[in-house]
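Comments concern the structure below.
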Amino acid sequence: MKGKVIIFSAPSGAGKTTIVKHLLSAFPELEFSVSACSRPMRKGETNGVDYYFISIEEFKQKIANKEFAEYEEVYKDNFYGTLKSEIERIWKKGKHIIFDMDVMGGLNLRMQFGDNALAIFVMPPSVDHLEQRLKSRETETAESIARRIGKAEQEIIKANLFDKIILNDTLEHALEEAEKIVFDFLHKK
Ligand code: 5GP
């Protein structure tokens, strides 16, 4: 079976991971697509759960083998991509897929899946707010934060290319809106 796909994109630090985790617990018919990535594993992350952590060489080999539905070099030498095998794995279980990816990857997948896809952009209340969140996460260096903020400004410009925009002003509001949007999409004829 070919299920539906729900794509969440947002600047780093906008809170999309929290929203995606909430939706996964609210909708048992959804499963998270685990991406492959070439960045080092962070403290608290698990291989095969958060990402399939692979080397840059392995990543490039998989690009050459055409194993990705989409991939991006999100930051220099940090590749992230969706394996075609991951999509098949989830659909075989009869589930719909939820993706967490950068804006370019999200728009790319949205185009590939057409009406079977819903692309949602999570908007942070402001860029200053994003910077504060990234700092409080304590997983990023000052350089990585600056890179992520620069990219965020570019990504926000593309928000109106998405099917829906959720403003993450308060988490409670964002979660409620996300649930409603996903419910409507999963149940529409
Ligand atoms: P992080 O390093 O913070 O986990 O992720 C950095 C960025 O890469 C985030 O915007 C995340 O959504 C994005 N990302 C994660 N997986 C994928 C993927 O499979 N494809 C693309 N294009 N971006 C991804």
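Lettering and numbering for the structure tokens are positional, with chains as A, B, ... in the shown order, residues counted from 1 in each chain, and ligands counted from 1 in the shown order.
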
Could you produce a table of the residues of chain A lying within 10 Å of ligand 1, with the nearest pair of atoms per residue and their separation in Å rounded to one decimal, using only C-alpha atoms and all ligand atoms, ordered by chain and increasing residue number, as CSV?
residue,atom,partner,partner_atom_place_in_ligand_line,distance
A:Ile7,CA,ligand 1,12 (O),9.8
A:Phe8,CA,ligand 1,12 (O),7.7
A:Ser9,CA,ligand 1,12 (O),6.1
A:Ala10,CA,ligand 1,10 (O),6.2
A:Pro11,CA,ligand 1,10 (O),5.8
A:Ser12,CA,ligand 1,10 (O),5.1
A:Gly13,CA,ligand 1,3 (O),7.7
A:Ala14,CA,ligand 1,10 (O),9.4
A:Lys16,CA,ligand 1,12 (O),8.1
A:Thr17,CA,ligand 1,12 (O),8.2
A:Ser33,CA,ligand 1,19 (O),8.1
A:Val34,CA,ligand 1,19 (O),7.4
A:Ser35,CA,ligand 1,19 (O),4.3
A:Ala36,CA,ligand 1,19 (O),6.3
A:Cys37,CA,ligand 1,16 (N),7.0
A:Ser38,CA,ligand 1,2 (O),9.4
A:Arg39,CA,ligand 1,2 (O),7.0
A:Pro40,CA,ligand 1,2 (O),8.9
A:Met41,CA,ligand 1,2 (O),9.0
A:Arg42,CA,ligand 1,4 (O),8.8
A:Glu45,CA,ligand 1,4 (O),9.6
A:Asp50,CA,ligand 1,4 (O),8.1
A:Tyr51,CA,ligand 1,16 (N),7.7
A:Tyr52,CA,ligand 1,16 (N),9.9
A:Phe68,CA,ligand 1,19 (O),8.8
A:Ala69,CA,ligand 1,19 (O),8.9
A:Glu70,CA,ligand 1,20 (N),6.4
A:Tyr71,CA,ligand 1,22 (N),5.0
A:Glu72,CA,ligand 1,22 (N),4.6
A:Glu73,CA,ligand 1,22 (N),7.5
A:Val74,CA,ligand 1,8 (O),5.8
A:Tyr75,CA,ligand 1,6 (C),7.8
A:Asn78,CA,ligand 1,2 (O),8.0
A:Phe79,CA,ligand 1,21 (C),7.9
A:Tyr80,CA,ligand 1,18 (C),4.5
A:Gly81,CA,ligand 1,19 (O),3.4
A:Thr82,CA,ligand 1,19 (O),4.1
A:Leu83,CA,ligand 1,19 (O),7.7
A:Phe99,CA,ligand 1,19 (O),7.6
A:Asp100,CA,ligand 1,12 (O),4.7
A:Met101,CA,ligand 1,12 (O),3.1
A:Asp102,CA,ligand 1,10 (O),3.9
A:Val103,CA,ligand 1,22 (N),7.0
A:Met104,CA,ligand 1,22 (N),6.1
A:Gly105,CA,ligand 1,22 (N),3.6
A:Gly106,CA,ligand 1,22 (N),6.5
A:Leu107,CA,ligand 1,22 (N),9.1
A:Asn108,CA,ligand 1,22 (N),8.4
A:Leu109,CA,ligand 1,22 (N),9.0
A:Leu134,CA,ligand 1,3 (O),9.7
A:Thr139,CA,ligand 1,3 (O),9.4
A:Glu140,CA,ligand 1,3 (O),9.2
A:Ser144,CA,ligand 1,2 (O),9.8
A:Arg148,CA,ligand 1,6 (C),8.4
A:Lys151,CA,ligand 1,10 (O),9.3
A:Ala152,CA,ligand 1,10 (O),9.0
A:Glu155,CA,ligand 1,10 (O),9.6

Check the DSSP output for the backbone and give back, as a ChimeraX atom specification, the residues of chain A in alpha helix (DSSP H).
/A:16-26,56-64,84-92,103-113,127-137,142-156,171-187

Separation of CA of Glu57 in chain A and CA of Ile90 in chain A, in Å?
26.1 Å

Best match for closeness to Gln154 in chain A among A:Lys43, A:Glu58, A:Val127, A:Lys76, counting only C-alpha atoms:
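Closest residue, counting only C-alpha atoms: A:Val127.
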
Using only C-alpha atoms for the distances, tell me which of A:Lys93, A:Lys62, A:Lys84, A:Lys158 is nearest to Glu29 in chain A.
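Checking each of A:Lys93, A:Lys62, A:Lys84, A:Lys158 against Glu29 in chain A, counting only C-alpha atoms, the winner is A:Lys93.
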
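With only C-alpha atoms as the atoms that count, the minimum distance from Leu171 in chain A to the choices A:Val5, A:His187, A:Leu118, A:His22 is reached by A:His22.
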
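The nearest approach to Met111 in chain A among the residues A:Leu161, A:Ser25, A:Lys2, A:Ile97, with only C-alpha atoms taken into account, belongs to A:Leu161.
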
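Within the 12 Å cut-off around Ser126 in chain A, using only C-alpha atoms and omitting residues fewer than 4 positions from it on the same chain, the listed residues are Pro11, Gly13, Ala14, Val122, Leu130, Glu131, Gln132, Arg133, Ile149, Ala152, Glu153, Ile156, Leu167, Asn168 and Asp169 of chain A.
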
Distance query His96 in chain A at most 12 Å, only C-alpha atoms, self and fewer than 5 positions along chain excluded, as a PyMOL selection string:
chain A and resi 1-7+23-24+27-33+86-91+116-118+182+185-187

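In the backbone-derived DSSP annotation, strand (DSSP E or B) within range 5-88 of chain A comprises A:Val5, A:Ile6, A:Ile7, A:Phe8, A:Ser9, A:Leu30, A:Glu31, A:Phe32, A:Ser35, A:Ala36, A:Cys37, A:Asn47, A:Tyr51, A:Tyr52, A:Phe53, A:Phe68, A:Ala69, A:Glu70, A:Tyr71, A:Glu72, A:Glu73, A:Val74, A:Tyr75, A:Asn78, A:Phe79, A:Tyr80, A:Gly81, A:Thr82, A:Leu83.
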
Using N, CA, C and O atoms, can you write the selected residues to a file as an mmCIF file, in the first residue's frame?
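Once written, selection.cif looks like this:
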data_model
loop_
_atom_site.group_PDB
_atom_site.id
_atom_site.type_symbol
_atom_site.label_atom_id
_atom_site.label_comp_id
_atom_site.auth_asym_id
_atom_site.auth_seq_id
_atom_site.Cartn_x
_atom_site.Cartn_y
_atom_site.Cartn_z
ATOM 1 N N VAL A 5 1.705 10.951 3.409
ATOM 2 C CA VAL A 5 2.927 11.472 4.023
ATOM 3 C C VAL A 5 2.690 12.884 4.565
ATOM 4 O O VAL A 5 2.025 13.697 3.934
ATOM 5 N N ILE A 6 3.202 13.095 5.773
ATOM 6 C CA ILE A 6 3.091 14.405 6.422
ATOM 7 C C ILE A 6 4.507 14.912 6.659
ATOM 8 O O ILE A 6 5.327 14.224 7.271
ATOM 9 N N ILE A 7 4.792 16.084 6.119
ATOM 10 C CA ILE A 7 6.159 16.600 6.161
ATOM 11 C C ILE A 7 6.200 17.831 7.066
ATOM 12 O O ILE A 7 5.444 18.782 6.848
ATOM 13 N N PHE A 8 7.065 17.797 8.068
ATOM 14 C CA PHE A 8 7.262 18.959 8.931
ATOM 15 C C PHE A 8 8.609 19.582 8.630
ATOM 16 O O PHE A 8 9.634 18.913 8.689
ATOM 17 N N SER A 9 8.602 20.867 8.308
ATOM 18 C CA SER A 9 9.851 21.588 8.109
ATOM 19 C C SER A 9 9.817 22.840 8.957
ATOM 20 O O SER A 9 8.746 23.397 9.215
ATOM 21 N N LEU A 30 0.560 6.708 12.550
ATOM 22 C CA LEU A 30 1.713 7.404 11.958
ATOM 23 C C LEU A 30 3.017 6.761 12.410
ATOM 24 O O LEU A 30 3.126 6.306 13.540
ATOM 25 N N GLU A 31 4.013 6.751 11.530
ATOM 26 C CA GLU A 31 5.358 6.323 11.957
ATOM 27 C C GLU A 31 6.393 7.324 11.441
ATOM 28 O O GLU A 31 6.268 7.861 10.344
ATOM 29 N N PHE A 32 7.405 7.555 12.269
ATOM 30 C CA PHE A 32 8.441 8.534 11.954
ATOM 31 C C PHE A 32 9.443 7.960 10.961
ATOM 32 O O PHE A 32 9.923 6.839 11.118
ATOM 33 N N SER A 35 15.799 9.438 9.165
ATOM 34 C CA SER A 35 16.687 9.853 8.071
ATOM 35 C C SER A 35 18.088 9.302 8.281
ATOM 36 O O SER A 35 18.478 9.007 9.407
ATOM 37 N N ALA A 36 18.840 9.241 7.200
ATOM 38 C CA ALA A 36 20.275 8.968 7.315
ATOM 39 C C ALA A 36 20.971 10.313 7.451
ATOM 40 O O ALA A 36 20.513 11.312 6.876
ATOM 41 N N CYS A 37 22.036 10.389 8.244
ATOM 42 C CA CYS A 37 22.791 11.649 8.278
ATOM 43 C C CYS A 37 24.264 11.394 8.573
ATOM 44 O O CYS A 37 24.639 10.361 9.120
ATOM 45 N N ASN A 47 21.332 5.623 17.523
ATOM 46 C CA ASN A 47 21.414 5.232 16.110
ATOM 47 C C ASN A 47 20.204 4.364 15.749
ATOM 48 O O ASN A 47 19.844 3.454 16.491
ATOM 49 N N TYR A 51 18.388 9.017 14.001
ATOM 50 C CA TYR A 51 18.931 8.982 12.636
ATOM 51 C C TYR A 51 19.628 7.645 12.430
ATOM 52 O O TYR A 51 19.977 6.961 13.396
ATOM 53 N N TYR A 52 19.885 7.320 11.167
ATOM 54 C CA TYR A 52 20.871 6.286 10.847
ATOM 55 C C TYR A 52 22.170 7.066 10.650
ATOM 56 O O TYR A 52 22.308 7.812 9.671
ATOM 57 N N PHE A 53 23.081 6.973 11.611
ATOM 58 C CA PHE A 53 24.320 7.747 11.527
ATOM 59 C C PHE A 53 25.324 6.999 10.654
ATOM 60 O O PHE A 53 25.710 5.863 10.981
ATOM 61 N N PHE A 68 18.406 7.326 -2.205
ATOM 62 C CA PHE A 68 17.648 8.365 -1.498
ATOM 63 C C PHE A 68 16.437 8.858 -2.287
ATOM 64 O O PHE A 68 16.524 9.070 -3.494
ATOM 65 N N ALA A 69 15.299 9.074 -1.586
ATOM 66 C CA ALA A 69 14.146 9.748 -2.192
ATOM 67 C C ALA A 69 14.465 11.235 -2.302
ATOM 68 O O ALA A 69 14.024 11.929 -3.216
ATOM 69 N N GLU A 70 15.217 11.756 -1.336
ATOM 70 C CA GLU A 70 15.736 13.137 -1.358
ATOM 71 C C GLU A 70 16.883 13.202 -0.389
ATOM 72 O O GLU A 70 16.948 12.419 0.546
ATOM 73 N N TYR A 71 17.795 14.125 -0.636
ATOM 74 C CA TYR A 71 18.860 14.382 0.342
ATOM 75 C C TYR A 71 19.320 15.821 0.167
ATOM 76 O O TYR A 71 19.104 16.421 -0.893
ATOM 77 N N GLU A 72 19.921 16.372 1.222
ATOM 78 C CA GLU A 72 20.467 17.726 1.158
ATOM 79 C C GLU A 72 21.756 17.755 1.956
ATOM 80 O O GLU A 72 21.871 17.051 2.971
ATOM 81 N N GLU A 73 22.678 18.596 1.511
ATOM 82 C CA GLU A 73 23.832 18.909 2.362
ATOM 83 C C GLU A 73 23.357 20.108 3.180
ATOM 84 O O GLU A 73 23.510 21.248 2.768
ATOM 85 N N VAL A 74 22.711 19.826 4.296
ATOM 86 C CA VAL A 74 22.017 20.880 5.049
ATOM 87 C C VAL A 74 23.018 21.913 5.574
ATOM 88 O O VAL A 74 22.791 23.119 5.510
ATOM 89 N N TYR A 75 24.130 21.434 6.113
ATOM 90 C CA TYR A 75 25.254 22.307 6.483
ATOM 91 C C TYR A 75 26.492 21.672 5.863
ATOM 92 O O TYR A 75 26.487 20.475 5.570
ATOM 93 N N ASN A 78 27.591 18.103 6.282
ATOM 94 C CA ASN A 78 26.539 17.422 7.054
ATOM 95 C C ASN A 78 25.395 17.097 6.094
ATOM 96 O O ASN A 78 24.561 17.952 5.796
ATOM 97 N N PHE A 79 25.399 15.863 5.625
ATOM 98 C CA PHE A 79 24.358 15.411 4.693
ATOM 99 C C PHE A 79 23.218 14.765 5.476
ATOM 100 O O PHE A 79 23.457 14.058 6.462
ATOM 101 N N TYR A 80 21.995 15.009 4.998
ATOM 102 C CA TYR A 80 20.808 14.390 5.591
ATOM 103 C C TYR A 80 19.954 13.893 4.436
ATOM 104 O O TYR A 80 19.810 14.599 3.435
ATOM 105 N N GLY A 81 19.354 12.712 4.565
ATOM 106 C CA GLY A 81 18.520 12.242 3.468
ATOM 107 C C GLY A 81 17.538 11.160 3.877
ATOM 108 O O GLY A 81 17.711 10.484 4.891
ATOM 109 N N THR A 82 16.487 11.031 3.046
ATOM 110 C CA THR A 82 15.445 10.035 3.276
ATOM 111 C C THR A 82 15.709 8.842 2.367
ATOM 112 O O THR A 82 15.719 8.991 1.141
ATOM 113 N N LEU A 83 15.920 7.692 2.973
ATOM 114 C CA LEU A 83 16.170 6.486 2.176
ATOM 115 C C LEU A 83 14.851 5.957 1.606
ATOM 116 O O LEU A 83 13.837 5.914 2.318
#

Rank A:Gln112, A:Thr170, A:Ile165, A:Ile56 by their smallest atom-to-atom distance to His129 in chain A, using only C-alpha atoms, and report the top residue only.
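Comparing A:Gln112, A:Thr170, A:Ile165, A:Ile56 against His129 in chain A, the winner is A:Thr170.
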
In Å, how far is it from CA of Ala119 in chain A to CA of Asp184 in chain A?
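So the two atoms, CA of Ala119 in chain A and CA of Asp184 in chain A, lie 13.4 Å apart.
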
In Å, with one decimal, what is the gap from CA of Arg110 in chain A to CA of Ile19 in chain A?
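Computed distance, CA of Arg110 in chain A to CA of Ile19 in chain A, equals 19.0 Å.
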